[in-house]
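Trainee: Got a structure for you, query-v5.pdb, holding PDB, C-alpha atoms.
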```pdb
ATOM      1  CA  MET M  17       4.766  -0.620   0.204
ATOM      2  CA  ASP M  18       4.883  -3.797   2.261
ATOM      3  CA  TRP M  19       4.593  -6.588  -0.316
ATOM      4  CA  GLY M  20       4.664  -9.390   2.258
ATOM      5  CA  LEU M  21       1.730  -7.932   4.132
ATOM      6  CA  PHE M  22      -0.132  -7.279   0.876
ATOM      7  CA  PHE M  23       0.232 -10.877  -0.306
ATOM      8  CA  SER M  24      -0.751 -12.389   3.026
ATOM      9  CA  THR M  25      -3.777 -10.072   3.314
ATOM     10  CA  ALA M  26      -4.860 -10.662  -0.284
ATOM     11  CA  LEU M  27      -4.481 -14.444  -0.078
ATOM     12  CA  LYS M  28      -6.198 -14.795   3.295
ATOM     13  CA  GLY M  29      -8.991 -12.418   2.272
ATOM     14  CA  GLY M  30      -9.399 -14.037  -1.138
ATOM     15  CA  LEU M  31      -9.659 -17.491   0.415
ATOM     16  CA  LYS M  32     -12.177 -16.231   2.969
ATOM     17  CA  LEU M  33     -14.247 -14.591   0.218
ATOM     18  CA  SER M  34     -14.271 -17.740  -1.927
ATOM     19  CA  LEU M  35     -15.368 -19.847   1.048
ATOM     20  CA  LEU M  36     -18.046 -17.376   2.088
ATOM     21  CA  VAL M  37     -19.578 -17.234  -1.384
ATOM     22  CA  PHE M  38     -19.526 -21.045  -1.576
ATOM     23  CA  VAL M  39     -21.224 -21.660   1.772
ATOM     24  CA  ILE M  40     -23.972 -19.169   0.956
ATOM     25  CA  LEU M  41     -24.516 -19.625  -2.758
ATOM     26  CA  VAL M  42     -24.562 -23.432  -3.067
ATOM     27  CA  PRO M  43     -27.067 -24.052  -0.225
ATOM     28  CA  LEU M  44     -29.119 -21.110  -1.536
ATOM     29  CA  LEU M  45     -29.406 -22.671  -4.980
ATOM     30  CA  ILE M  46     -30.169 -26.110  -3.519
ATOM     31  CA  ALA M  47     -32.936 -24.537  -1.409
ATOM     32  CA  LEU M  48     -34.243 -22.728  -4.496
ATOM     33  CA  GLU M  49     -34.260 -25.986  -6.454
ATOM     34  CA  PHE M  50     -36.354 -27.596  -3.698
ATOM     35  CA  MET M  51     -38.729 -24.638  -3.689
ATOM     36  CA  ARG M  52     -39.006 -24.781  -7.461
ATOM     37  CA  GLN M  53     -39.676 -28.485  -7.713
ATOM     38  CA  THR M  54     -42.088 -28.614  -4.775
ATOM     39  CA  LYS M  55     -44.066 -25.611  -6.103
ATOM     40  CA  ALA M  56     -43.284 -23.568  -2.971
ATOM     41  CA  LEU M  57     -41.718 -21.016  -5.296
ATOM     42  CA  ASP M  58     -44.922 -20.679  -7.323
ATOM     43  CA  TRP M  59     -46.767 -19.960  -4.087
ATOM     44  CA  LEU M  60     -44.233 -17.314  -3.090
ATOM     45  CA  THR M  61     -44.114 -15.586  -6.468
ATOM     46  CA  ASN M  62     -47.923 -15.566  -6.535
ATOM     47  CA  LYS M  63     -47.850 -13.594  -3.291
ATOM     48  CA  VAL M  64     -45.240 -11.073  -4.442
ATOM     49  CA  ASP M  65     -46.244 -10.783  -8.089
ATOM     50  CA  PRO M  66     -49.188  -8.322  -7.734
ATOM     51  CA  ALA M  67     -46.904  -5.786  -6.005
ATOM     52  CA  THR M  68     -43.817  -6.197  -8.185
ATOM     53  CA  ARG M  69     -45.885  -6.191 -11.392
ATOM     54  CA  ARG M  70     -46.836  -2.581 -10.693
ATOM     55  CA  ILE M  71     -43.232  -1.437 -10.942
ATOM     56  CA  GLY M  72     -42.575  -3.460 -14.090
ATOM     57  CA  PHE M  73     -41.300  -6.879 -13.002
ATOM     58  CA  GLN M  74     -42.488 -10.057 -14.665
ATOM     59  CA  ARG M  75     -42.753 -13.286 -12.748
ATOM     60  CA  GLU M  76     -39.494 -14.826 -13.993
ATOM     61  CA  ALA M  77     -37.535 -11.898 -12.535
ATOM     62  CA  LEU M  78     -38.775 -12.421  -8.993
ATOM     63  CA  VAL M  79     -36.412 -15.193  -7.868
ATOM     64  CA  PRO M  80     -33.137 -13.363  -8.623
ATOM     65  CA  LEU M  81     -34.765 -10.187  -7.317
ATOM     66  CA  LEU M  82     -35.671 -11.701  -3.950
ATOM     67  CA  ALA M  83     -32.337 -13.514  -3.616
ATOM     68  CA  GLY M  84     -30.397 -10.303  -4.252
ATOM     69  CA  PHE M  85     -32.681  -8.158  -2.117
ATOM     70  CA  ILE M  86     -32.156 -10.378   0.920
ATOM     71  CA  PHE M  87     -28.664 -11.858   0.492
ATOM     72  CA  GLY M  88     -26.734  -9.442  -1.731
ATOM     73  CA  ILE M  89     -26.144  -8.491  -5.328
ATOM     74  CA  SER M  90     -23.560 -11.251  -5.893
ATOM     75  CA  TYR M  91     -26.030 -13.919  -4.827
ATOM     76  CA  GLY M  92     -28.782 -12.346  -6.899
ATOM     77  CA  ALA M  93     -26.390 -12.478  -9.853
ATOM     78  CA  GLY M  94     -25.527 -16.086  -8.965
ATOM     79  CA  VAL M  95     -29.195 -16.973  -9.350
ATOM     80  CA  LEU M  96     -29.710 -14.777 -12.402
ATOM     81  CA  ILE M  97     -26.703 -15.677 -14.562
ATOM     82  CA  PRO M  98     -27.675 -19.322 -15.303
ATOM     83  CA  GLU M  99     -31.292 -18.292 -15.944
ATOM     84  CA  ALA M 100     -30.132 -15.505 -18.252
ATOM     85  CA  ARG M 101     -27.858 -17.917 -20.146
ATOM     86  CA  SER M 102     -30.660 -20.370 -20.723
ATOM     87  CA  LYS M 103     -32.806 -17.417 -21.912
ATOM     88  CA  LEU M 104     -35.386 -17.871 -19.164
ATOM     89  CA  ILE M 105     -35.388 -14.147 -18.539
ATOM     90  CA  ASN M 106     -35.252 -11.399 -21.144
ATOM     91  CA  LYS M 107     -32.906  -8.421 -21.331
ATOM     92  CA  GLN M 108     -35.418  -5.805 -20.242
ATOM     93  CA  GLN M 109     -36.170  -7.810 -17.130
ATOM     94  CA  ILE M 110     -32.462  -8.355 -16.414
ATOM     95  CA  PHE M 111     -31.898  -4.618 -16.631
ATOM     96  CA  LEU M 112     -34.816  -3.925 -14.289
ATOM     97  CA  VAL M 113     -33.536  -6.470 -11.750
ATOM     98  CA  ALA M 114     -30.097  -4.868 -11.994
ATOM     99  CA  VAL M 115     -31.506  -1.350 -11.465
ATOM    100  CA  PHE M 116     -33.436  -2.444  -8.398
ATOM    101  CA  LEU M 117     -30.611  -4.503  -6.921
ATOM    102  CA  ALA M 118     -27.945  -1.872  -7.631
ATOM    103  CA  LEU M 119     -29.792   0.536  -5.357
ATOM    104  CA  CYS M 120     -31.138  -1.887  -2.795
ATOM    105  CA  HIS M 121     -29.550  -5.229  -1.935
ATOM    106  CA  ALA M 122     -28.387  -7.278   1.044
ATOM    107  CA  VAL M 123     -30.850  -5.335   3.168
ATOM    108  CA  VAL M 124     -30.392  -7.557   6.225
ATOM    109  CA  GLU M 125     -26.606  -7.394   6.375
ATOM    110  CA  ASP M 126     -26.118  -3.744   5.389
ATOM    111  CA  THR M 127     -28.854  -2.456   7.674
ATOM    112  CA  LEU M 128     -27.544  -4.362  10.699
ATOM    113  CA  LEU M 129     -23.949  -3.256  10.010
ATOM    114  CA  PHE M 130     -24.838   0.427  10.014
ATOM    115  CA  MET M 131     -27.252   0.092  12.926
ATOM    116  CA  ALA M 132     -24.290  -1.208  14.932
ATOM    117  CA  LEU M 133     -22.595   2.144  14.232
ATOM    118  CA  GLY M 134     -25.622   4.102  15.434
ATOM    119  CA  ALA M 135     -27.517   4.723  12.195
ATOM    120  CA  ASN M 136     -31.314   4.756  12.102
ATOM    121  CA  GLY M 137     -32.161   1.383  10.549
ATOM    122  CA  LEU M 138     -35.659   2.369   9.436
ATOM    123  CA  VAL M 139     -34.454   5.492   7.606
ATOM    124  CA  LEU M 140     -31.655   3.490   5.991
ATOM    125  CA  PHE M 141     -33.893   0.598   4.895
ATOM    126  CA  PHE M 142     -36.777   2.685   3.555
ATOM    127  CA  SER M 143     -34.569   5.283   1.809
ATOM    128  CA  ARG M 144     -32.962   2.509  -0.224
ATOM    129  CA  LEU M 145     -36.203   0.647  -0.855
ATOM    130  CA  ILE M 146     -38.120   3.739  -1.961
ATOM    131  CA  LEU M 147     -35.303   4.905  -4.262
ATOM    132  CA  ALA M 148     -35.026   1.427  -5.782
ATOM    133  CA  ILE M 149     -38.790   1.242  -6.390
ATOM    134  CA  LEU M 150     -38.804   4.745  -7.871
ATOM    135  CA  PHE M 151     -35.890   4.148 -10.247
ATOM    136  CA  THR M 152     -37.222   0.736 -11.291
ATOM    137  CA  TYR M 153     -40.652   2.186 -12.003
ATOM    138  CA  LEU M 154     -39.201   5.064 -14.041
ATOM    139  CA  THR M 155     -36.894   2.719 -15.966
ATOM    140  CA  ALA M 156     -39.764   0.358 -16.747
ATOM    141  CA  ARG M 157     -41.847   3.303 -17.972
ATOM    142  CA  LEU M 158     -39.043   4.808 -20.061
ATOM    143  CA  MET M 159     -37.633   1.602 -21.566
ATOM    144  CA  PRO M 160     -40.238   1.131 -24.308
ATOM    145  CA  ARG M 161     -39.791   4.765 -25.396
ATOM    146  CA  LEU M 162     -35.999   4.707 -25.452
ATOM    147  CA  LYS M 163     -35.948   1.837 -27.952
ATOM    148  CA  LEU M 164     -32.348   1.047 -27.006
ATOM    149  CA  LYS M 165     -30.824  -1.443 -29.363
ATOM    150  CA  TYR M 166     -29.331  -3.274 -26.413
ATOM    151  CA  LEU M 167     -32.690  -3.907 -24.800
ATOM    152  CA  GLN M 168     -34.231  -5.504 -27.872
ATOM    153  CA  ASP M 169     -34.102  -9.269 -27.669
ATOM    154  CA  ALA M 170     -32.380 -10.946 -30.560
TER     155      ALA M 170
ATOM    156  CA  MET E  29     -44.852 -14.719 -21.214
ATOM    157  CA  THR E  30     -44.491 -16.379 -17.839
ATOM    158  CA  GLU E  31     -43.387 -19.964 -17.503
ATOM    159  CA  SER E  32     -44.564 -22.442 -14.923
ATOM    160  CA  SER E  33     -41.934 -23.768 -12.552
ATOM    161  CA  GLU E  34     -42.136 -27.181 -14.239
ATOM    162  CA  ALA E  35     -41.043 -25.732 -17.566
ATOM    163  CA  VAL E  36     -38.178 -23.952 -15.819
ATOM    164  CA  VAL E  37     -37.126 -27.185 -14.145
ATOM    165  CA  ALA E  38     -37.196 -29.001 -17.456
ATOM    166  CA  ARG E  39     -34.991 -26.417 -19.131
ATOM    167  CA  LEU E  40     -32.463 -26.151 -16.326
ATOM    168  CA  SER E  41     -32.106 -29.701 -15.036
ATOM    169  CA  LEU E  42     -29.207 -32.046 -15.609
ATOM    170  CA  PRO E  43     -28.799 -34.172 -18.710
ATOM    171  CA  SER E  44     -31.124 -37.162 -18.566
ATOM    172  CA  LYS E  45     -28.202 -39.598 -18.645
ATOM    173  CA  LEU E  46     -26.960 -38.540 -15.227
ATOM    174  CA  LYS E  47     -30.476 -38.072 -13.942
ATOM    175  CA  SER E  48     -31.630 -41.607 -14.603
ATOM    176  CA  LYS E  49     -29.026 -42.951 -12.185
ATOM    177  CA  ILE E  50     -30.530 -41.061  -9.264
ATOM    178  CA  LYS E  51     -33.713 -42.724  -8.023
ATOM    179  CA  ASN E  52     -34.544 -40.767  -4.882
ATOM    180  CA  ARG E  53     -36.485 -37.592  -5.687
ATOM    181  CA  HIS E  54     -35.055 -35.398  -2.946
ATOM    182  CA  GLY E  55     -31.550 -36.617  -3.673
ATOM    183  CA  GLN E  56     -32.088 -35.700  -7.291
ATOM    184  CA  ILE E  57     -33.284 -32.209  -6.402
ATOM    185  CA  THR E  58     -30.270 -31.724  -4.130
ATOM    186  CA  ILE E  59     -27.883 -32.779  -6.863
ATOM    187  CA  ASP E  60     -29.633 -30.546  -9.413
ATOM    188  CA  GLY E  61     -29.334 -27.598  -7.070
ATOM    189  CA  PHE E  62     -25.752 -28.432  -6.147
ATOM    190  CA  PHE E  63     -24.605 -28.433  -9.759
ATOM    191  CA  ARG E  64     -26.429 -25.215 -10.527
ATOM    192  CA  GLY E  65     -24.848 -23.720  -7.414
ATOM    193  CA  LEU E  66     -21.424 -24.920  -8.466
ATOM    194  CA  GLU E  67     -21.857 -23.433 -11.943
ATOM    195  CA  SER E  68     -22.886 -20.033 -10.558
ATOM    196  CA  TYR E  69     -20.170 -20.204  -7.917
ATOM    197  CA  TRP E  70     -17.490 -20.747 -10.529
ATOM    198  CA  ILE E  71     -18.757 -17.837 -12.638
ATOM    199  CA  LEU E  72     -18.776 -15.529  -9.612
ATOM    200  CA  VAL E  73     -15.455 -16.569  -8.070
ATOM    201  CA  LYS E  74     -13.671 -16.176 -11.399
ATOM    202  CA  ILE E  75     -14.609 -12.495 -11.480
ATOM    203  CA  MET E  76     -14.618 -11.736  -7.746
ATOM    204  CA  LEU E  77     -11.096 -12.901  -6.918
ATOM    205  CA  PRO E  78      -9.190 -10.743  -9.446
ATOM    206  CA  VAL E  79     -11.240  -7.692  -8.443
ATOM    207  CA  TYR E  80     -10.578  -8.479  -4.802
ATOM    208  CA  PHE E  81      -6.810  -8.619  -5.393
ATOM    209  CA  ILE E  82      -6.776  -5.322  -7.299
ATOM    210  CA  VAL E  83      -8.838  -3.569  -4.629
ATOM    211  CA  THR E  84      -6.602  -4.938  -1.850
ATOM    212  CA  PHE E  85      -3.583  -3.662  -3.755
ATOM    213  CA  LEU E  86      -5.206  -0.235  -4.023
ATOM    214  CA  LYS E  87      -5.766  -0.227  -0.271
ATOM    215  CA  PHE E  88      -2.001  -0.581   0.257
ATOM    216  CA  THR E  89      -1.173   2.453  -1.885
ATOM    217  CA  PRO E  90      -1.690   6.122  -0.889
ATOM    218  CA  VAL E  91      -4.094   6.656  -3.813
ATOM    219  CA  LEU E  92      -7.350   6.387  -1.829
ATOM    220  CA  PRO E  93      -6.398   8.784   1.023
ATOM    221  CA  ALA E  94      -5.276  11.285  -1.648
ATOM    222  CA  ILE E  95      -8.687  11.114  -3.355
ATOM    223  CA  ALA E  96     -10.364  11.496   0.050
ATOM    224  CA  ASN E  97      -8.239  14.582   0.775
ATOM    225  CA  PHE E  98      -9.424  16.135  -2.443
ATOM    226  CA  PHE E  99     -13.091  15.592  -1.574
ATOM    227  CA  SER E 100     -13.001  16.459   2.150
ATOM    228  CA  PRO E 101     -13.854  20.189   1.746
ATOM    229  CA  TYR E 102     -17.073  19.236  -0.058
ATOM    230  CA  MET E 103     -18.416  17.000   2.698
ATOM    231  CA  GLN E 104     -20.267  19.874   4.352
ATOM    232  CA  ILE E 105     -22.873  19.860   1.569
ATOM    233  CA  PHE E 106     -24.044  16.574   3.122
ATOM    234  CA  GLY E 107     -23.701  17.950   6.655
ATOM    235  CA  LEU E 108     -20.654  15.777   7.297
ATOM    236  CA  PRO E 109     -17.130  16.561   8.568
ATOM    237  CA  GLY E 110     -14.181  16.416   6.143
ATOM    238  CA  GLY E 111     -13.016  13.096   7.585
ATOM    239  CA  ALA E 112     -16.156  11.420   6.237
ATOM    240  CA  ALA E 113     -14.647  11.707   2.741
ATOM    241  CA  LEU E 114     -12.290   8.841   3.563
ATOM    242  CA  ALA E 115     -15.246   6.681   4.648
ATOM    243  CA  ILE E 116     -17.061   7.421   1.388
ATOM    244  CA  VAL E 117     -13.991   6.818  -0.781
ATOM    245  CA  LEU E 118     -13.081   3.561   1.004
ATOM    246  CA  GLY E 119     -16.706   2.383   0.991
ATOM    247  CA  ASN E 120     -16.975   2.947  -2.744
ATOM    248  CA  ALA E 121     -13.524   1.778  -3.796
ATOM    249  CA  VAL E 122     -13.098  -1.113  -1.319
ATOM    250  CA  ASN E 123     -16.137  -2.238   0.675
ATOM    251  CA  LEU E 124     -18.446  -1.334   3.536
ATOM    252  CA  TYR E 125     -16.216  -2.927   6.159
ATOM    253  CA  ALA E 126     -13.362  -0.583   5.233
ATOM    254  CA  ALA E 127     -15.764   2.372   5.475
ATOM    255  CA  MET E 128     -17.121   1.221   8.835
ATOM    256  CA  ALA E 129     -13.664   1.147  10.381
ATOM    257  CA  VAL E 130     -13.306   4.843   9.459
ATOM    258  CA  ILE E 131     -16.838   5.834  10.532
ATOM    259  CA  ALA E 132     -16.218   4.381  13.998
ATOM    260  CA  THR E 133     -13.328   6.819  14.519
ATOM    261  CA  LEU E 134     -15.147   9.970  13.353
ATOM    262  CA  GLY E 135     -17.357  10.616  16.391
ATOM    263  CA  LEU E 136     -20.435  11.472  14.312
ATOM    264  CA  SER E 137     -23.929  12.175  15.620
ATOM    265  CA  SER E 138     -26.617   9.557  15.045
ATOM    266  CA  GLN E 139     -28.134  11.690  12.266
ATOM    267  CA  GLN E 140     -24.777  12.040  10.526
ATOM    268  CA  VAL E 141     -24.173   8.288  10.707
ATOM    269  CA  THR E 142     -27.613   7.772   9.167
ATOM    270  CA  ILE E 143     -26.839  10.157   6.288
ATOM    271  CA  LEU E 144     -23.516   8.420   5.660
ATOM    272  CA  ALA E 145     -25.165   4.991   5.963
ATOM    273  CA  VAL E 146     -27.820   5.783   3.353
ATOM    274  CA  MET E 147     -25.254   7.271   0.946
ATOM    275  CA  LEU E 148     -22.981   4.250   1.349
ATOM    276  CA  GLY E 149     -25.865   1.779   1.399
ATOM    277  CA  ILE E 150     -26.935   2.962  -2.042
ATOM    278  CA  CYS E 151     -23.476   3.179  -3.546
ATOM    279  CA  HIS E 152     -20.571   0.998  -2.370
ATOM    280  CA  SER E 153     -17.951  -1.600  -3.398
ATOM    281  CA  LEU E 154     -18.053  -0.268  -6.934
ATOM    282  CA  PRO E 155     -15.192  -2.309  -8.490
ATOM    283  CA  MET E 156     -16.769  -5.556  -7.252
ATOM    284  CA  GLU E 157     -20.417  -4.784  -7.866
ATOM    285  CA  VAL E 158     -19.941  -3.062 -11.219
ATOM    286  CA  THR E 159     -18.044  -6.146 -12.429
ATOM    287  CA  ILE E 160     -20.866  -8.363 -11.192
ATOM    288  CA  THR E 161     -23.555  -6.321 -12.950
ATOM    289  CA  GLN E 162     -21.398  -6.433 -16.063
ATOM    290  CA  LYS E 163     -21.416 -10.244 -15.779
ATOM    291  CA  MET E 164     -25.209 -10.146 -15.513
ATOM    292  CA  GLY E 165     -24.960  -8.892 -19.068
ATOM    293  CA  THR E 166     -26.517  -5.509 -18.582
ATOM    294  CA  LYS E 167     -25.818  -1.759 -18.845
ATOM    295  CA  TYR E 168     -23.346  -1.598 -15.997
ATOM    296  CA  MET E 169     -21.938   1.901 -16.523
ATOM    297  CA  ALA E 170     -25.434   3.417 -16.609
ATOM    298  CA  LEU E 171     -26.182   1.574 -13.377
ATOM    299  CA  MET E 172     -23.036   2.926 -11.731
ATOM    300  CA  PHE E 173     -24.034   6.489 -12.568
ATOM    301  CA  ILE E 174     -27.585   5.910 -11.329
ATOM    302  CA  ARG E 175     -26.114   4.751  -8.022
ATOM    303  CA  LEU E 176     -23.705   7.690  -7.704
ATOM    304  CA  ILE E 177     -26.455  10.189  -8.482
ATOM    305  CA  ALA E 178     -28.981   8.521  -6.157
ATOM    306  CA  SER E 179     -26.365   8.436  -3.405
ATOM    307  CA  GLY E 180     -25.553  12.148  -3.747
ATOM    308  CA  LEU E 181     -29.208  13.169  -3.950
ATOM    309  CA  SER E 182     -30.184  11.120  -0.911
ATOM    310  CA  GLY E 183     -27.317  12.714   1.047
ATOM    311  CA  LEU E 184     -28.535  16.202   0.120
ATOM    312  CA  ALA E 185     -32.156  15.352   0.901
ATOM    313  CA  LEU E 186     -31.400  13.698   4.240
ATOM    314  CA  LYS E 187     -29.300  16.672   5.332
ATOM    315  CA  GLN E 188     -32.389  18.842   4.936
ATOM    316  CA  ILE E 189     -34.661  16.318   6.655
ATOM    317  CA  LEU E 190     -32.491  15.093   9.515
ATOM    318  CA  LEU E 191     -30.149  17.944  10.452
TER     319      LEU E 191
END
```
Using the file provided, produce a representation of the structure as structure tokens.
Mentor:
Amino acid sequence: MDWGLFFSTALKGGLKLSLLVFVILVPLLIALEFMRQTKALDWLTNKVDPATRRIGFQREALVPLLAGFIFGISYGAGVLIPEARSKLINKQQIFLVAVFLALCHAVVEDTLLFMALGANGLVLFFSRLILAILFTYLTARLMPRLKLKYLQDA
Amino acid sequence: MTESSEAVVARLSLPSKLKSKIKNRHGQITIDGFFRGLESYWILVKIMLPVYFIVTFLKFTPVLPAIANFFSPYMQIFGLPGGAALAIVLGNAVNLYAAMAVIATLGLSSQQVTILAVMLGICHSLPMEVTITQKMGTKYMALMFIRLIASGLSGLALKQILL
């Protein structure tokens, strides 16, 4: 194993990753703060809420959900973690966001990447979206019956 | 149950001491957002970098090609050639870019690329993303299995539909 090459690859890649996350996440959260304080976010969640409510999401879950859906699961988590820590969003809703985002996230980037290789973008996008909706809906339906200790809020 | 955005702002904004020094409203919003961004960034980078180093290390060892070799005979159940196993293993253990480099060399039909794309789109970069969902404070192992199962099922279904 070539240790020199490993270290140079790991350091360069690690630096690139840290920079990438910074230049996306910080402006994203500043933009979100503007949307929150100017009520633009209320307008947006009002539009999305009737649809997402049907599969079990409450309003406070929509911001991390949308951020992760468009930008990627890391960025969704970046939005969600501080809100989860300040108890703005409960554990059931966190789990639902995680189920949806695990199956369907970063739809712009991933879809374009695979389309460049010759994949059918529509099939790719809708397969993921439909599976995510299905699993979220089933989880939301089953959660109250499972009575998992973990999902009860302290 | 639901909170208005004003209540959210009140609970998340900076301590009033620092806030009172900033007069301009937009400047204050920017600084609020910047600090929240910085906080999230620090949480994420702390977990992403170690995972990144471990995964890069794994890429330099022969472990991943060996796993791919083991799985290559089973690729036909998804209508894919044996070589696609390496794309799936790299996509799941490393990231989509590693998988794409392999897919480009396989000479697959458009339908086969679509099948592989859906399977990898649903389930990829597991070390990184499982760690992130763990940090979200949720059932991360259950989520990983949901993804693996959904990925396999969608591969089987799309083989029937597309090929």
Trainee: May I have the residues of chain E within 6 Å of chain M, counting only C-alpha atoms, written as a VMD selection string?
Mentor: chain E and resid 33 58 61 to 62 65 68 81 138 141 to 142 146 150 164 166
Trainee: Translate the PyMOL selection byres ((chain E and resi 173-185) around 9), as applied to the file shown, into an explicit residue set as a ChimeraX atom specification.
Mentor: /M:115,118-119,143,147,151 /E:105-107,143-144,146-152,168-172,186-190
Trainee: Any idea what's packed within 12 Å of Ser153 of chain E, counting all atoms listed in the file, ignoring anything in its chain fewer than 5 positions away? Could you give it as a PyMOL selection string?
Mentor: (chain M and resi 88-90+118) or (chain E and resi 76+79-80+83-84+115-127+148+158-160+172+175-176)
Trainee: So what do you get for atom CA of Ile75 of chain E versus atom CA of Phe63 of chain E, distance-wise?
Mentor: 18.9 Å
Trainee: Could you state the separation of atom CA of Val124 of chain M and atom CA of Leu60 of chain M in Å, given to one decimal place?
Mentor: 19.3 Å
Trainee: For atom CA of Ile71 of chain M and atom CA of Thr152 of chain M, quote the distance in Å rounded to one decimal.
Mentor: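 For atom CA of Ile71 of chain M relative to atom CA of Thr152 of chain M, the distance reads 6.4 Å.
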Trainee: My list of candidates is E:Leu154, E:Ala113, E:Leu108, E:Tyr102. Which is closest to Leu136 of chain E when distances are computed with only C-alpha atoms?
Mentor: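 Residue with the minimum atom-to-atom distance to Leu136 of chain E: E:Leu108.
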Trainee: Rank nothing, just name the residue among E:Ile131, E:Ile71, E:Ile59, E:Leu77 nearest to Lys28 of chain M, using only C-alpha atoms.
Mentor: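 For Lys28 of chain M, the nearest of the candidates is E:Leu77.
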